[in-house]
$ cat final_29.cif   # mmCIF, C-alpha atoms
data_entry
#
loop_
_atom_site.label_atom_id
_atom_site.label_comp_id
_atom_site.auth_asym_id
_atom_site.auth_seq_id
_atom_site.Cartn_x
_atom_site.Cartn_y
_atom_site.Cartn_z
CA MET A 5 115.71 85.99 98.74
CA HIS A 6 112.09 84.73 98.90
CA ASP A 7 112.45 83.96 102.63
CA PHE A 8 114.00 87.37 103.26
CA LEU A 9 111.14 89.14 101.47
CA GLU A 10 108.53 87.01 103.26
CA GLN A 11 109.95 87.75 106.71
CA ASN A 12 110.54 91.45 106.09
CA ALA A 13 107.51 92.30 103.93
CA MET A 14 106.38 95.17 106.19
CA TYR A 15 109.83 96.79 106.04
CA LEU A 16 109.87 96.44 102.27
CA VAL A 17 106.45 98.11 102.01
CA LEU A 18 107.67 100.85 104.37
CA ILE A 19 110.73 101.52 102.18
CA ILE A 20 108.54 101.73 99.04
CA ALA A 21 106.10 104.11 100.83
CA LEU A 22 109.01 106.28 102.02
CA VAL A 23 110.48 106.45 98.50
CA ILE A 24 107.07 107.51 97.06
CA TRP A 25 106.68 110.11 99.84
CA ALA A 26 110.22 111.46 99.22
CA GLY A 27 109.36 111.80 95.51
CA LEU A 28 106.09 113.63 96.26
CA PHE A 29 107.81 115.89 98.78
CA GLY A 30 110.55 116.73 96.27
CA TYR A 31 107.91 117.54 93.66
CA ILE A 32 105.96 119.94 95.92
CA PHE A 33 109.25 121.45 97.14
CA LYS A 34 110.32 122.13 93.54
CA ILE A 35 106.95 123.72 92.65
CA ASP A 36 107.23 125.91 95.77
CA ARG A 37 110.78 127.02 94.80
CA ASN A 38 109.76 127.78 91.20
CA LEU A 39 106.74 129.74 92.45
CA LYS A 40 109.01 131.84 94.67
CA LYS A 41 111.16 132.64 91.62
CA LEU A 42 108.09 133.65 89.58
CA GLU A 43 106.74 135.76 92.45
CA ARG A 44 110.08 137.63 92.62
CA GLU A 45 109.96 138.22 88.85
CA GLU A 46 106.41 139.55 89.13
CA GLN A 47 107.37 142.15 91.75
CA MET B 25 106.46 129.10 104.37
CA ASN B 26 110.09 128.62 105.35
CA ASN B 27 112.29 125.60 104.85
CA ILE B 28 112.10 124.55 108.52
CA TYR B 29 108.34 124.09 108.15
CA LYS B 30 108.90 121.91 105.06
CA ILE B 31 111.52 119.80 106.85
CA ILE B 32 109.10 119.33 109.78
CA VAL B 33 106.42 118.16 107.30
CA PHE B 34 108.83 115.75 105.63
CA VAL B 35 110.09 114.25 108.91
CA SER B 36 106.64 114.00 110.52
CA ILE B 37 104.97 112.28 107.54
CA SER B 38 107.97 109.90 107.32
CA LEU B 39 107.51 109.11 111.03
CA VAL B 40 103.79 108.53 110.43
CA LEU B 41 104.70 106.01 107.69
CA VAL B 42 107.13 104.25 110.05
CA GLY B 43 104.41 104.20 112.74
CA THR B 44 101.87 102.86 110.24
CA PHE B 45 103.91 99.95 108.96
CA VAL B 46 106.25 98.81 111.72
CA MET B 47 104.99 99.94 115.14
CA PRO B 48 103.29 97.18 117.16
CA ILE B 49 99.51 97.17 117.08
CA PRO B 50 97.15 95.55 119.65
CA VAL B 51 95.02 92.61 118.54
CA ILE B 52 91.70 93.97 117.27
CA PRO B 53 89.31 91.08 116.51
CA GLY B 54 88.32 90.99 112.86
CA LEU B 55 90.82 93.66 111.85
CA TYR B 56 94.30 92.66 113.12
CA ASP B 57 97.08 94.33 111.04
CA LYS B 58 94.48 95.76 108.65
CA ALA B 59 93.61 98.29 111.38
CA ARG B 60 96.87 100.11 110.48
CA ILE B 61 94.99 101.84 107.66
CA ILE B 62 93.42 104.12 110.31
CA TYR B 63 96.69 106.13 110.48
CA LEU B 64 96.32 107.15 106.82
CA HIS B 65 92.63 106.79 105.92
CA VAL B 66 91.07 108.82 108.75
CA PRO B 67 93.51 111.80 108.50
CA MET B 68 92.73 111.98 104.76
CA SER B 69 88.98 112.15 105.51
CA TRP B 70 89.71 114.75 108.21
CA ILE B 71 91.65 116.87 105.70
CA ALA B 72 88.74 116.57 103.25
CA VAL B 73 86.28 117.92 105.86
CA LEU B 74 88.71 120.66 106.93
CA SER B 75 89.33 121.83 103.38
CA PHE B 76 85.63 121.90 102.47
CA LEU B 77 85.03 123.91 105.66
CA MET B 78 87.80 126.35 104.66
CA SER B 79 86.31 126.57 101.18
CA MET B 80 82.90 127.43 102.64
CA ILE B 81 84.38 130.09 105.00
CA ASN B 82 86.27 131.70 102.10
CA SER B 83 83.12 131.63 99.96
CA VAL B 84 81.20 133.46 102.69
CA GLN B 85 84.05 135.98 102.90
CA TYR B 86 83.94 136.47 99.12
CA LEU B 87 80.19 137.16 99.18
CA ARG B 88 80.67 139.65 102.01
CA LYS B 89 83.73 141.51 100.68
CA ARG B 90 83.72 140.71 96.93
CA ASP B 91 87.50 140.29 97.01
CA VAL B 92 88.64 137.84 94.32
CA VAL B 93 91.43 136.48 96.59
CA TYR B 94 88.77 134.83 98.78
CA ASP B 95 87.33 133.13 95.71
CA LEU B 96 90.82 131.85 94.80
CA LYS B 97 91.22 130.53 98.35
CA ALA B 98 87.79 128.85 98.26
CA TYR B 99 88.61 127.21 94.92
CA SER B 100 92.10 126.11 95.99
CA THR B 101 90.96 124.57 99.28
CA ALA B 102 88.07 122.78 97.54
CA GLU B 103 90.46 121.34 94.96
CA VAL B 104 92.93 120.06 97.56
CA GLY B 105 89.99 118.71 99.59
CA PHE B 106 88.69 116.90 96.52
CA ILE B 107 92.08 115.18 96.02
CA PHE B 108 92.16 114.13 99.68
CA THR B 109 88.58 112.80 99.38
CA ILE B 110 89.73 110.66 96.43
CA LEU B 111 92.71 109.45 98.50
CA ALA B 112 90.39 108.58 101.42
CA THR B 113 88.15 106.68 98.98
CA VAL B 114 91.10 104.77 97.47
CA THR B 115 92.63 103.83 100.86
CA GLY B 116 89.19 102.79 102.13
CA SER B 117 88.57 100.77 98.99
CA LEU B 118 91.91 98.94 99.30
CA TRP B 119 91.09 98.13 102.92
CA ALA B 120 87.61 96.92 101.88
CA LYS B 121 89.17 94.48 99.38
CA PHE B 122 91.10 92.75 102.17
CA ASN B 123 88.42 92.98 104.85
CA TRP B 124 85.14 92.67 102.96
CA GLY B 125 86.35 90.83 99.86
CA SER B 126 85.75 93.44 97.17
CA PHE B 127 86.91 96.96 96.40
CA TRP B 128 83.41 98.44 96.31
CA ASN B 129 80.35 97.23 98.24
CA TRP B 130 78.02 100.27 98.28
CA ASP B 131 78.31 100.35 102.05
CA PRO B 132 76.72 103.56 103.52
CA ARG B 133 80.22 104.99 104.08
CA GLU B 134 81.25 104.28 100.50
CA THR B 135 77.96 105.62 99.13
CA SER B 136 78.18 108.80 101.18
CA ILE B 137 81.76 109.58 100.11
CA PHE B 138 80.80 108.86 96.49
CA ILE B 139 77.91 111.36 96.69
CA LEU B 140 80.28 113.88 98.26
CA LEU B 141 82.70 113.41 95.35
CA LEU B 142 79.83 114.03 92.91
CA ILE B 143 78.74 117.17 94.79
CA TYR B 144 82.24 118.67 94.72
CA GLY B 145 82.84 117.41 91.17
CA ALA B 146 79.81 119.49 90.19
CA TYR B 147 81.45 122.50 91.91
CA PHE B 148 84.40 122.30 89.50
CA SER B 149 82.07 121.73 86.52
CA LEU B 150 80.11 124.82 87.52
CA ARG B 151 83.29 126.89 87.72
CA SER B 152 84.52 125.76 84.32
CA ALA B 153 81.11 126.33 82.71
CA ILE B 154 80.95 130.08 83.46
CA GLU B 155 83.24 132.48 81.60
CA ASN B 156 82.47 135.75 83.37
CA PRO B 157 84.92 135.77 86.34
CA GLU B 158 82.64 137.76 88.64
CA GLN B 159 79.58 135.62 87.93
CA LYS B 160 81.71 132.48 88.29
CA ALA B 161 83.01 133.56 91.69
CA LYS B 162 79.53 134.55 92.90
CA LEU B 163 77.77 131.34 91.81
CA ALA B 164 80.64 129.09 92.92
CA SER B 165 80.62 130.74 96.36
CA VAL B 166 76.90 130.14 96.79
CA TYR B 167 77.31 126.55 95.58
CA SER B 168 80.27 125.94 97.93
CA ILE B 169 78.21 127.11 100.94
CA ILE B 170 75.28 124.87 99.98
CA ALA B 171 77.64 121.95 99.25
CA PHE B 172 79.23 122.22 102.68
CA VAL B 173 75.84 121.90 104.38
CA THR B 174 75.78 118.30 103.11
CA VAL B 175 79.30 117.45 104.37
CA PRO B 176 78.47 116.81 108.07
CA PHE B 177 75.44 114.76 106.97
CA PHE B 178 77.40 112.55 104.55
CA MET B 179 80.56 112.29 106.67
CA PHE B 180 79.15 111.91 110.18
CA ILE B 181 75.37 111.40 110.29
CA MET B 182 74.32 109.15 107.39
CA PRO B 183 76.91 106.38 108.04
CA ARG B 184 75.73 106.25 111.66
CA ILE B 185 71.98 106.12 111.12
CA VAL B 186 72.14 103.42 108.45
CA GLU B 187 73.47 99.95 109.27
CA SER B 188 77.06 99.69 108.04
CA LEU B 189 79.89 97.19 107.98
CA HIS B 190 82.37 100.02 108.50
CA PRO B 191 84.19 99.68 111.87
CA ALA B 192 82.60 101.96 114.47
CA ASP B 193 83.77 102.97 117.96
CA THR B 194 87.43 102.51 116.93
CA ILE B 195 88.52 105.86 118.37
CA VAL B 196 85.67 107.09 120.57
CA ASN B 197 82.61 105.04 121.54
CA SER B 198 79.00 106.23 121.52
CA GLN B 199 79.33 107.33 125.20
CA GLY B 200 82.21 109.64 124.21
CA LYS B 201 84.90 107.52 125.91
CA ILE B 202 88.22 106.98 124.11
CA THR B 203 88.47 103.29 123.22
CA MET B 204 91.72 103.35 121.25
CA ASN B 205 94.91 101.85 122.66
CA PRO B 206 97.20 104.71 123.98
CA LEU B 207 100.08 103.92 121.57
CA MET B 208 97.71 103.73 118.61
CA LEU B 209 96.01 106.94 119.72
CA SER B 210 99.33 108.83 119.94
CA ILE B 211 100.37 107.70 116.43
CA PHE B 212 96.89 108.53 115.15
CA LEU B 213 96.87 112.05 116.64
CA PHE B 214 100.41 112.64 115.38
CA SER B 215 99.27 111.54 111.93
CA LEU B 216 96.30 113.96 112.05
CA LEU B 217 98.66 116.81 112.94
CA SER B 218 101.24 115.86 110.27
CA PHE B 219 98.66 115.61 107.49
CA THR B 220 97.16 118.94 108.57
CA LEU B 221 100.62 120.56 108.24
CA LEU B 222 101.07 118.96 104.81
CA PHE B 223 97.61 120.16 103.76
CA LEU B 224 98.37 123.75 104.81
CA TRP B 225 101.57 123.69 102.77
CA ILE B 226 99.85 122.29 99.65
CA VAL B 227 97.02 124.84 99.97
CA ASN B 228 99.59 127.63 100.34
CA VAL B 229 101.35 126.52 97.12
CA LYS B 230 98.03 126.22 95.29
CA ILE B 231 96.76 129.66 96.37
CA ARG B 232 100.06 131.32 95.40
CA SER B 233 100.01 129.69 91.97
CA GLU B 234 96.38 130.81 91.43
CA LYS B 235 97.24 134.39 92.47
CA LEU B 236 100.16 134.37 90.03
CA LYS B 237 97.91 133.08 87.27
CA LEU B 238 95.40 135.86 87.97
CA ALA B 239 98.13 138.53 88.01
CA ARG B 240 99.41 137.31 84.62
CA LEU B 241 95.88 137.32 83.17
CA ILE B 242 95.31 140.90 84.36
CA LYS B 243 98.66 141.93 82.86
CA ILE B 244 97.82 140.34 79.48
CA ASN B 245 94.36 142.00 79.43
CA ASN B 246 95.89 145.39 80.27
CA ASN B 247 98.41 145.04 77.45
CA LYS B 248 95.69 144.29 74.88
#
$ encode --input "final_29.cif" --output "structure tokens"
Amino acid sequence: MHDFLEQNAMYLVLIIALVIWAGLFGYIFKIDRNLKKLEREEQ
Amino acid sequence: MNNIYKIIVFVSISLVLVGTFVMPIPVIPGLYDKARIIYLHVPMSWIAVLSFLMSMINSVQYLRKRDVVYDLKAYSTAEVGFIFTILATVTGSLWAKFNWGSFWNWDPRETSIFILLLIYGAYFSLRSAIENPEQKAKLASVYSIIAFVTVPFFMFIMPRIVESLHPADTIVNSQGKITMNPLMLSIFLFSLLSFTLLFLWIVNVKIRSEKLKLARLIKINNNK
């Protein structure tokens, strides 16, 4: 396992960065969707 | 903004991350793999400058037309810009730890971005200190215009006139010739474009939420 992590460290970092980005994207997406709902209610 | 735009943002930022971490990079003496930070750090600084510029333009528009929507836009863009300035500072600081040995060295670049953070931090303090909405918008607009005057100086001029350890000539040299490797340059330009698209989406969400907040406030006041 240690050897695997040592040889593929960049890929591991990439996967972590992609997971964080997917989380952030999902968060902004959800805010956007909720805003749309509120805007419709306001009209 | 439609869902296709959001999917484009998601895919392009994901591709930027793939380009940052796994695409081959030419040997740059003294930097090596640490040069990969350029794909994230520089676009964040670019977004900071762009958002402060947008804030200044909206402030000018507010002073000309006295329409509160321009003030909301100026505030929203400044806030997003402030977050991106913090991100640029954090990414730069992480890079400094591995290249210079410590997170903070008071290098001219670090000092200038710190002063910029203080200047825009004061913008938000000023806004929260004034209760009268009209007076707040007026004073904040004037402050935003004055604050932007310092941005080109702190971002582009000061780090170049004072001796700095910060890598220079990495993209374009002093003669205006592109020095970056073509593959690196294409990833870098793609990253600039992707972060700009992300920025526009975040600003759009922020402005809409501020407009909604204002509409609710007006409704509550009318019902009183």
$ closest_atom_pairs --input "final_29.cif" --of "chain A" --to "chain B" --cutoff "8 Å" --atoms "all atoms listed in the file" --output "Markdown table"
| residue | atom | partner | partner_atom | distance |
| --- | --- | --- | --- | --- |
| A:Met14 | CA | B:Phe45 | CA | 6.1 |
| A:Tyr15 | CA | B:Val46 | CA | 7.0 |
| A:Val17 | CA | B:Phe45 | CA | 7.6 |
| A:Leu18 | CA | B:Phe45 | CA | 6.0 |
| A:Ala21 | CA | B:Leu41 | CA | 7.3 |
| A:Leu22 | CA | B:Ser38 | CA | 6.5 |
| A:Trp25 | CA | B:Ser38 | CA | 7.6 |
| A:Ala26 | CA | B:Phe34 | CA | 7.8 |
| A:Phe29 | CA | B:Phe34 | CA | 6.9 |
| A:Ile32 | CA | B:Ile226 | CA | 7.5 |
| A:Phe33 | CA | B:Lys30 | CA | 7.9 |
| A:Ile35 | CA | B:Val229 | CA | 7.7 |
| A:Asp36 | CA | B:Val229 | CA | 6.1 |
| A:Leu39 | CA | B:Ser233 | CA | 6.7 |
| A:Leu42 | CA | B:Leu236 | CA | 8.0 |
| A:Glu43 | CA | B:Leu236 | CA | 7.1 |
$ closest_residue --input "final_29.cif" --among "B:Lys97, B:Lys121, B:Arg133, B:Arg151" --to "Ala192 (chain B)" --atoms "all atoms listed in the file"
B:Arg133
$ atom_distance --input "final_29.cif" --atom1 "CA of Pro48 (chain B)" --atom2 "CA of Asn197 (chain B)"
22.6 Å
$ resolve_selection --input "final_29.cif" --expression "the PyMOL selection byres ((chain B and resi 60-65) around 7)" --output "MDAnalysis selection string"
chainID B and resid 44 57:59 66:69 112 115:116 212 215
$ atom_distance --input "final_29.cif" --atom1 "CA of Lys34 (chain A)" --atom2 "CA of Phe214 (chain B)"
25.8 Å
$ resolve_selection --input "final_29.cif" --expression "the PyMOL selection byres ((chain B and resi 109) around 9)" --output "list in words"
Met68, Ser69, Ile71, Ala72, Val73, Val104, Gly105, Phe106, Ile107, Phe108, Ile110, Leu111, Ala112, Thr113, Val114, Ile137, Leu140 and Leu141 of chain B
$ write_last_selection --input "final_29.cif" --atoms "C-alpha atoms" --output "mmCIF file, in the frame of the given file"
data_model
loop_
_atom_site.group_PDB
_atom_site.id
_atom_site.type_symbol
_atom_site.label_atom_id
_atom_site.label_comp_id
_atom_site.auth_asym_id
_atom_site.auth_seq_id
_atom_site.Cartn_x
_atom_site.Cartn_y
_atom_site.Cartn_z
ATOM 1 C CA MET B 68 92.730 111.980 104.760
ATOM 2 C CA SER B 69 88.980 112.150 105.510
ATOM 3 C CA ILE B 71 91.650 116.870 105.700
ATOM 4 C CA ALA B 72 88.740 116.570 103.250
ATOM 5 C CA VAL B 73 86.280 117.920 105.860
ATOM 6 C CA VAL B 104 92.930 120.060 97.560
ATOM 7 C CA GLY B 105 89.990 118.710 99.590
ATOM 8 C CA PHE B 106 88.690 116.900 96.520
ATOM 9 C CA ILE B 107 92.080 115.180 96.020
ATOM 10 C CA PHE B 108 92.160 114.130 99.680
ATOM 11 C CA ILE B 110 89.730 110.660 96.430
ATOM 12 C CA LEU B 111 92.710 109.450 98.500
ATOM 13 C CA ALA B 112 90.390 108.580 101.420
ATOM 14 C CA THR B 113 88.150 106.680 98.980
ATOM 15 C CA VAL B 114 91.100 104.770 97.470
ATOM 16 C CA ILE B 137 81.760 109.580 100.110
ATOM 17 C CA LEU B 140 80.280 113.880 98.260
ATOM 18 C CA LEU B 141 82.700 113.410 95.350
#
$ atom_distance --input "final_29.cif" --atom1 "CA of Ile19 (chain A)" --atom2 "CA of Val227 (chain B)"
27.1 Å
$ residues_around --input "final_29.cif" --residues "region 164-174 of chain B" --least-positions-apart "2" --cutoff "9 Å" --atoms "only C-alpha atoms" --output "MDAnalysis selection string"
chainID B and resid 73 76:77 79:84 86:87 95 98:99 102 140 143:144 147:148 150:151 159:162 176:179
